[in-house]
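With TSV, C-alpha atoms inside, this is coords_20.tsv:
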chain	number	residue	atom	x	y	z
A	735	MET	CA	-34.22	11.08	12.49
A	736	GLU	CA	-33.74	8.51	9.71
A	737	GLY	CA	-30.60	6.47	10.21
A	738	LEU	CA	-29.94	7.77	13.72
A	739	ARG	CA	-29.02	5.28	16.44
A	740	GLY	CA	-28.66	7.90	19.14
A	741	SER	CA	-27.34	11.32	19.95
A	742	THR	CA	-25.63	13.41	22.61
A	743	TYR	CA	-26.34	16.95	23.75
A	744	SER	CA	-23.48	19.00	25.18
A	745	PRO	CA	-24.65	22.57	25.84
A	746	GLU	CA	-21.44	23.49	27.69
A	747	ASP	CA	-19.19	22.77	24.70
A	748	GLY	CA	-17.60	25.85	23.22
A	749	SER	CA	-15.54	27.23	20.38
A	750	ALA	CA	-12.81	29.84	20.04
A	751	SER	CA	-11.20	31.84	17.28
A	752	PRO	CA	-7.91	30.30	16.10
A	753	LEU	CA	-6.87	33.72	14.75
A	754	LEU	CA	-7.40	35.52	18.06
A	755	PHE	CA	-5.82	32.66	20.01
A	756	THR	CA	-2.76	32.60	17.76
A	757	GLN	CA	-2.29	36.34	18.07
A	758	SER	CA	-2.64	36.35	21.85
A	759	SER	CA	-0.22	33.40	22.15
A	760	TYR	CA	2.25	35.18	19.89
A	761	PHE	CA	2.33	38.36	21.97
A	762	LYS	CA	2.45	36.38	25.23
A	763	ALA	CA	5.43	34.40	23.89
A	764	LEU	CA	7.23	37.59	22.92
A	765	GLY	CA	6.83	38.73	26.50
A	766	TYR	CA	8.59	35.56	27.66
A	767	GLY	CA	11.48	36.17	25.27
A	768	ALA	CA	10.54	33.92	22.35
A	769	ALA	CA	11.80	34.86	18.88
A	770	PHE	CA	9.85	34.24	15.66
A	771	SER	CA	11.00	34.07	12.04
A	772	PHE	CA	8.32	34.36	9.35
A	773	ASN	CA	8.32	33.67	5.60
A	774	GLU	CA	11.25	31.30	6.03
A	775	THR	CA	11.52	27.75	4.68
A	776	VAL	CA	13.33	24.88	6.38
A	777	ALA	CA	15.83	23.41	3.92
A	778	GLY	CA	17.60	20.76	6.01
A	779	PHE	CA	19.68	19.99	9.08
A	780	GLU	CA	23.33	19.83	9.98
A	781	ILE	CA	23.89	16.56	11.88
A	782	GLU	CA	26.99	15.36	13.71
A	783	LYS	CA	27.31	12.17	15.79
A	784	GLY	CA	23.57	11.66	16.22
A	785	ILE	CA	22.89	15.28	17.14
A	786	ILE	CA	21.26	18.04	15.11
A	787	THR	CA	23.69	20.92	15.38
A	788	ALA	CA	21.82	23.39	13.19
A	789	VAL	CA	18.60	23.94	11.27
A	790	LYS	CA	19.17	25.21	7.74
A	791	THR	CA	16.64	27.56	6.13
A	792	ASN	CA	16.53	29.59	2.95
A	793	LYS	CA	17.80	32.54	5.01
A	794	GLY	CA	20.48	31.06	7.25
A	795	LEU	CA	21.36	28.72	10.13
A	796	TYR	CA	19.78	28.31	13.57
A	797	HIS	CA	21.54	26.56	16.43
A	798	SER	CA	19.69	25.05	19.37
A	799	ALA	CA	20.20	22.44	22.07
A	800	ASN	CA	16.97	20.73	20.94
A	801	VAL	CA	14.86	20.69	17.77
A	802	LEU	CA	11.09	20.14	17.73
A	803	ASN	CA	9.23	19.15	14.58
A	804	ALA	CA	5.75	20.68	14.80
A	805	ALA	CA	5.31	21.28	11.08
A	806	GLY	CA	1.73	20.04	10.76
A	807	ALA	CA	0.94	19.00	7.21
A	808	TYR	CA	4.66	19.29	6.33
A	809	ALA	CA	5.85	17.14	9.25
A	810	LYS	CA	6.85	14.15	7.12
A	811	ASN	CA	8.91	16.34	4.75
A	812	VAL	CA	10.75	17.94	7.67
A	813	SER	CA	11.48	14.53	9.21
A	814	HIS	CA	12.81	13.23	5.90
A	815	MET	CA	15.37	16.04	5.95
A	816	ALA	CA	16.71	14.46	9.15
A	817	GLY	CA	16.70	10.97	7.60
A	818	ILE	CA	13.65	9.85	9.60
A	819	ASN	CA	10.32	8.59	8.28
A	820	ILE	CA	7.16	9.21	10.30
A	821	ALA	CA	3.64	7.97	9.65
A	822	VAL	CA	1.92	11.32	9.04
A	823	ASN	CA	0.08	12.23	5.86
A	824	PRO	CA	-1.97	15.40	5.17
A	825	ASP	CA	-5.69	14.78	4.59
A	826	SER	CA	-7.51	17.69	2.91
A	827	HIS	CA	-10.78	18.94	4.40
A	828	GLU	CA	-12.89	21.79	3.11
A	829	ALA	CA	-14.85	24.30	5.14
A	830	GLY	CA	-16.93	27.39	4.61
A	831	ILE	CA	-18.53	30.36	6.34
A	832	CYS	CA	-21.74	32.31	5.80
A	833	GLU	CA	-22.62	35.96	6.23
A	834	PRO	CA	-23.62	36.89	9.79
A	835	VAL	CA	-27.25	36.57	10.88
A	836	LYS	CA	-29.04	36.90	14.22
A	837	PRO	CA	-28.32	34.04	16.68
A	838	PHE	CA	-30.58	31.04	16.07
A	839	MET	CA	-28.40	28.04	17.02
A	840	GLY	CA	-27.13	26.59	20.28
A	841	PRO	CA	-24.27	24.06	20.34
A	842	MET	CA	-22.46	22.82	17.26
A	843	VAL	CA	-24.36	20.21	15.24
A	844	VAL	CA	-22.31	17.13	14.33
A	845	ASP	CA	-23.76	14.39	12.12
A	846	MET	CA	-21.73	11.16	12.16
A	847	ARG	CA	-23.81	9.40	9.48
A	848	GLU	CA	-22.03	8.48	6.26
A	849	ALA	CA	-23.38	9.77	2.95
A	850	SER	CA	-22.28	9.78	-0.67
A	851	ALA	CA	-18.63	10.93	-0.91
A	852	SER	CA	-18.62	12.08	2.73
A	853	LYS	CA	-18.46	10.70	6.24
A	854	ASN	CA	-19.39	13.10	9.01
A	855	PHE	CA	-19.94	16.84	8.87
A	856	TYR	CA	-20.61	19.67	11.31
A	857	PHE	CA	-21.79	23.26	11.48
A	858	TYR	CA	-22.17	25.90	14.19
A	859	GLN	CA	-22.86	29.60	14.60
A	860	ASN	CA	-20.00	31.69	15.95
A	861	SER	CA	-20.20	34.70	18.25
A	862	GLU	CA	-20.46	37.06	15.26
A	863	GLY	CA	-23.49	35.23	13.86
A	864	GLN	CA	-21.68	33.45	11.03
A	865	VAL	CA	-22.37	29.77	10.40
A	866	VAL	CA	-19.17	27.78	9.94
A	867	PHE	CA	-19.34	24.33	8.33
A	868	CYS	CA	-16.95	21.51	7.46
A	869	LEU	CA	-17.13	18.01	5.98
A	870	THR	CA	-14.99	14.85	6.07
A	871	PRO	CA	-14.56	13.53	2.50
A	872	ASP	CA	-14.81	9.82	1.73
A	873	PRO	CA	-12.48	8.56	0.40
A	874	PRO	CA	-9.86	10.87	1.94
A	875	ILE	CA	-8.20	13.48	-0.27
A	876	TRP	CA	-4.47	13.24	0.42
A	877	GLY	CA	-2.07	16.09	-0.23
A	878	ILE	CA	-1.33	19.70	0.65
A	879	LYS	CA	-3.36	21.55	-1.99
A	880	THR	CA	-5.32	24.38	-0.36
A	881	GLY	CA	-7.56	25.53	-3.21
A	882	ALA	CA	-11.32	25.16	-2.74
A	883	THR	CA	-13.18	22.75	-5.04
A	884	SER	CA	-16.51	23.03	-6.85
A	885	ALA	CA	-17.77	19.73	-5.36
A	886	PHE	CA	-17.69	20.72	-1.70
A	887	LEU	CA	-20.42	23.36	-1.41
A	888	PRO	CA	-23.23	21.45	-3.21
A	889	MET	CA	-22.39	18.34	-1.17
A	890	ILE	CA	-22.41	19.92	2.28
A	891	ALA	CA	-25.30	22.28	1.48
A	892	LYS	CA	-27.51	19.30	0.76
A	893	ARG	CA	-26.58	17.63	4.04
A	894	MET	CA	-27.02	20.80	6.09
A	895	ILE	CA	-30.42	21.69	4.64
A	896	ASN	CA	-31.59	18.12	5.16
A	897	ILE	CA	-30.81	18.52	8.88
A	898	MET	CA	-32.03	22.12	9.27
A	899	PRO	CA	-34.09	23.46	6.31
A	900	ILE	CA	-33.87	27.09	7.51
A	901	LEU	CA	-30.20	27.08	6.51
A	902	LYS	CA	-31.22	27.39	2.84
A	903	ASN	CA	-31.64	31.13	3.42
A	904	LEU	CA	-27.99	31.69	4.35
A	905	LYS	CA	-25.54	33.36	1.97
A	906	VAL	CA	-22.13	31.69	1.79
A	907	ARG	CA	-19.26	34.17	2.06
A	908	ARG	CA	-16.32	31.89	1.19
A	909	THR	CA	-14.95	28.35	1.29
A	910	TRP	CA	-11.39	27.09	1.81
A	911	ARG	CA	-9.38	23.90	2.22
A	912	GLY	CA	-6.88	22.90	4.89
A	913	GLN	CA	-5.10	19.75	6.04
A	914	TYR	CA	-5.53	17.30	8.88
A	915	PRO	CA	-2.09	15.74	9.53
A	916	MET	CA	-3.28	12.14	9.94
A	917	THR	CA	-1.62	9.09	11.51
A	918	PRO	CA	-2.70	5.48	10.82
A	919	ASP	CA	-4.47	5.15	14.19
A	920	GLY	CA	-5.77	8.71	14.58
A	921	PHE	CA	-3.55	9.59	17.56
A	922	PRO	CA	-0.67	12.13	17.63
A	923	ILE	CA	3.02	11.26	17.39
A	924	VAL	CA	4.91	12.87	20.26
A	925	GLY	CA	8.34	11.91	21.55
A	926	LYS	CA	12.11	11.86	21.07
A	927	MET	CA	13.72	10.16	18.10
A	928	GLU	CA	16.04	7.24	18.79
A	929	LYS	CA	18.48	8.06	15.98
A	930	LEU	CA	18.87	11.74	16.90
A	931	ASP	CA	19.23	12.47	20.58
A	932	ASN	CA	17.93	16.06	20.44
A	933	PHE	CA	15.18	15.71	17.82
A	934	TYR	CA	11.56	15.63	19.04
A	935	GLN	CA	8.25	15.13	17.24
A	936	ALA	CA	4.92	16.84	17.99
A	937	VAL	CA	3.00	15.93	14.86
A	938	GLY	CA	-0.07	14.10	13.55
A	939	MET	CA	-2.72	15.92	15.58
A	940	CYS	CA	-5.37	14.54	13.20
A	941	GLY	CA	-7.49	17.68	13.07
A	942	GLN	CA	-7.54	18.14	16.84
A	943	GLY	CA	-4.41	20.24	17.26
A	944	PHE	CA	-6.24	23.40	18.31
A	945	MET	CA	-8.06	21.49	21.03
A	946	LEU	CA	-4.98	19.56	22.17
A	947	GLY	CA	-2.54	22.45	21.76
A	948	PRO	CA	-2.39	24.07	25.22
A	949	GLY	CA	-2.06	20.79	27.14
A	950	MET	CA	0.22	19.31	24.49
A	951	ALA	CA	2.57	22.30	24.73
A	952	GLU	CA	2.99	21.77	28.47
A	953	LEU	CA	3.57	18.04	27.94
A	954	ILE	CA	6.24	18.68	25.29
A	955	TYR	CA	7.95	21.24	27.53
A	956	ARG	CA	8.20	18.67	30.31
A	957	LEU	CA	9.36	16.02	27.84
A	958	ILE	CA	12.24	18.14	26.53
A	959	THR	CA	13.26	19.45	29.96
A	960	LYS	CA	12.79	16.01	31.56
A	961	SER	CA	10.53	17.50	34.24
A	962	TYR	CA	7.82	14.85	33.96
A	963	HIS	CA	4.65	14.72	36.00
A	964	THR	CA	3.53	11.38	37.46
A	965	ASP	CA	1.24	10.43	34.59
A	966	ASP	CA	3.12	12.08	31.71
A	967	LEU	CA	5.00	8.92	30.74
A	968	GLU	CA	1.75	6.96	30.68
A	969	ILE	CA	0.20	9.54	28.37
A	970	LEU	CA	3.27	9.56	26.13
A	971	LYS	CA	2.97	5.79	25.64
A	972	ASN	CA	-0.18	6.44	23.60
A	973	PHE	CA	1.73	8.94	21.41
A	974	ASP	CA	4.94	6.90	21.09
A	975	PRO	CA	6.52	7.43	17.61
A	976	TYR	CA	7.57	3.76	17.64
A	977	ARG	CA	4.18	2.21	18.48
A	978	ASP	CA	2.66	-0.35	16.11
A	979	PHE	CA	-0.31	1.87	15.11
A	980	THR	CA	-2.72	-1.06	15.34
A	981	GLY	CA	-5.25	0.88	17.43
A	982	GLN	CA	-7.89	3.05	15.87
A	983	GLU	CA	-10.05	5.96	16.95
A	984	VAL	CA	-13.42	4.95	15.51
A	985	PHE	CA	-15.58	7.89	16.59
A	986	LYS	CA	-14.06	10.52	14.31

Rewrite the structure of this file - the entire thing - as structure tokens.
Amino acid sequence: MEGLRGSTYSPEDGSASPLLFTQSSYFKALGYGAAFSFNETVAGFEIEKGIITAVKTNKGLYHSANVLNAAGAYAKNVSHMAGINIAVNPDSHEAGICEPVKPFMGPMVVDMREASASKNFYFYQNSEGQVVFCLTPDPPIWGIKTGATSAFLPMIAKRMINIMPILKNLKVRRTWRGQYPMTPDGFPIVGKMEKLDNFYQAVGMCGQGFMLGPGMAELIYRLITKSYHTDDLEILKNFDPYRDFTGQEVFK
């Protein structure tokens, strides 16, 4: 309890598998007529009179009435190809997973207290009995390197065992590193570019893209097709690519 000002308990919170969700979304999209191209790198754009006429890749050209940048950690690089700078930078976070054990946890545990070289961290037990854990480094580690480091596991293990000593008996299966595409104020950048009439951004989800994804996809669809709902424009104000970024999400 040392250092705690308060806490919340949310037993109805849940989690889902990104792998299963991605696969189910993929097959559902195929059913609607979507086409996917894998192992292909965007190399640039063909632009005429303020319109992107084609997307260039290492394998060819793609033509479309509209172009959406949803490149995650690579969003800034993709925008630069179109001559546009956006305030998104990839922030590396490490995570890990243990071997499965019998269920012993309820909701995810999130500790917002700062510690040496780290801010908050969390861990939870998934439906297969594996404990998944992640930590927010302090200071941030910027860049797109995905290799795990030797510093992460000793750091988070100490914090986890301090919270729940029984965790010392777990066997770690693997660790990995991924990126949070961060904006200066912690809110996404979603909207149409002023310089290119058919170029849209859906970037800077700040580590919450999986949670925001389904609703964000519907919002972006209505944005591109100009089929807005009553409160869509109000929501989009908070994600405006041309805002001043003076706000800040503190509870992260």

Using all atoms listed in the file, what table do you get, as a Markdown table, when you list each residue of stretch 843-951 of chain A with an atom no more than 7 Å from stretch 800-813 of chain A, its nearest pair of atoms, and their distance in Å rounded to one decimal, rows by chain then rising number?
| residue | atom | partner | partner_atom | distance |
| --- | --- | --- | --- | --- |
| A:Ile878 | CA | A:Ala807 | CA | 7.0 |
| A:Gln913 | CA | A:Ala807 | CA | 6.2 |
| A:Tyr914 | CA | A:Ala807 | CA | 6.9 |
| A:Pro915 | CA | A:Ala807 | CA | 5.0 |
| A:Asn932 | CA | A:Asn800 | CA | 4.8 |
| A:Phe933 | CA | A:Val801 | CA | 5.0 |
| A:Tyr934 | CA | A:Leu802 | CA | 4.7 |
| A:Gln935 | CA | A:Asn803 | CA | 4.9 |
| A:Ala936 | CA | A:Ala804 | CA | 5.1 |
| A:Val937 | CA | A:Ala804 | CA | 5.5 |
| A:Gly938 | CA | A:Gly806 | CA | 6.8 |

Next item on the list: Would you mind listing what lies within 6 Å of stretch 977-980 of chain A as a ChimeraX atom specification, with all atoms listed in the file counted and same-chain residues fewer than 2 positions away left out?
Entry: /A:919,974-975

I'd like the neighbourhood of stretch 775-779 of chain A as a PDB file with C-alpha atoms, in the frame of the given file, where a residue qualifies if any of its atoms comes within 7 Å (using only C-alpha atoms), though same-chain residues fewer than 2 positions away should be ignored.
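Output (part.pdb):
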ATOM      1  CA  ASN A 773       8.320  33.670   5.600  1.00  0.00           C
ATOM      2  CA  ILE A 781      23.890  16.560  11.880  1.00  0.00           C
ATOM      3  CA  ILE A 786      21.260  18.040  15.110  1.00  0.00           C
ATOM      4  CA  ALA A 788      21.820  23.390  13.190  1.00  0.00           C
ATOM      5  CA  VAL A 789      18.600  23.940  11.270  1.00  0.00           C
ATOM      6  CA  LYS A 790      19.170  25.210   7.740  1.00  0.00           C
ATOM      7  CA  THR A 791      16.640  27.560   6.130  1.00  0.00           C
ATOM      8  CA  ASN A 792      16.530  29.590   2.950  1.00  0.00           C
ATOM      9  CA  MET A 815      15.370  16.040   5.950  1.00  0.00           C
ATOM     10  CA  ALA A 816      16.710  14.460   9.150  1.00  0.00           C
TER      11      ALA A 816
END

What's the 8 Å shell around stretch 735-751 of chain A, counting all atoms listed in the file, without same-chain residues fewer than 5 positions away, as a compact mmCIF listing (two decimals) with C-alpha atoms, in the coordinates of the input?
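Writing done, so here's selection_4.txt:
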# COMPACT_ATOMS: atom_id res chain seq x y z
CA GLY A 840 -27.13 26.59 20.28
CA PRO A 841 -24.27 24.06 20.34
CA ARG A 847 -23.81 9.40 9.48
CA ASN A 860 -20.00 31.69 15.95

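With distances restricted to only C-alpha atoms, A:Ile954 is the closest residue to A:Lys926 from A:Cys940, A:Val844, A:Ala891, A:Ile954.
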
Margin query: Here's a test: counting all atoms listed in the file, identify every protein, DNA and RNA residue with an atom at most 9 Å from (-18.9, 26.4, -1.2) in the file's coordinate frame, and state them as a VMD selection string.
Written below: chain A and resid 828 to 831 882 to 891 906 to 910

Notebook entry, point to check: Of the candidates A:Pro922, A:Gly949, A:Gly912, A:Pro837, which one gets nearest to A:Trp876 if we count only C-alpha atoms?
Noted result: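 Counting only C-alpha atoms, the residue closest to A:Trp876 is A:Gly912.
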
Check: What is the distance, in Å and to one decimal place, between atom CA of A:Phe857 and atom CA of A:Val822?
Finding: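 So the answer is 26.7 Å.
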
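Pairwise distance (atom CA of A:Tyr976, atom CA of A:Leu953) equals 18.1 Å.
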
Checklist line | Computed interatomic separation between atom CA of A:Asn819 and atom CA of A:Gly881 (Å) | finding: 27.2 Å

Notebook entry, point to check: So which one's closest to A:Gln864, A:Ala849, A:Leu901, A:Ile818, A:Met927? Using only C-alpha atoms, please.
Noted result: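 Ranking A:Ala849, A:Leu901, A:Ile818, A:Met927 by distance to A:Gln864, first place goes to A:Leu901.
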
Checklist line | A:Lys836, A:Lys960, A:Lys971, A:Arg911 ranked by distance to A:Phe867, top pick (using only C-alpha atoms) | finding: A:Arg911

Checklist line | Nearest residue to A:Lys905 from the set A:Met846, A:Leu754, A:Val865, A:Ala799 (distances using only C-alpha atoms) | finding: A:Val865

Checklist line | For A:Gly794, the nearest of the candidates A:Glu848, A:Asp931, A:Glu968, A:Glu780, counting all atoms listed in the file | finding: A:Glu780
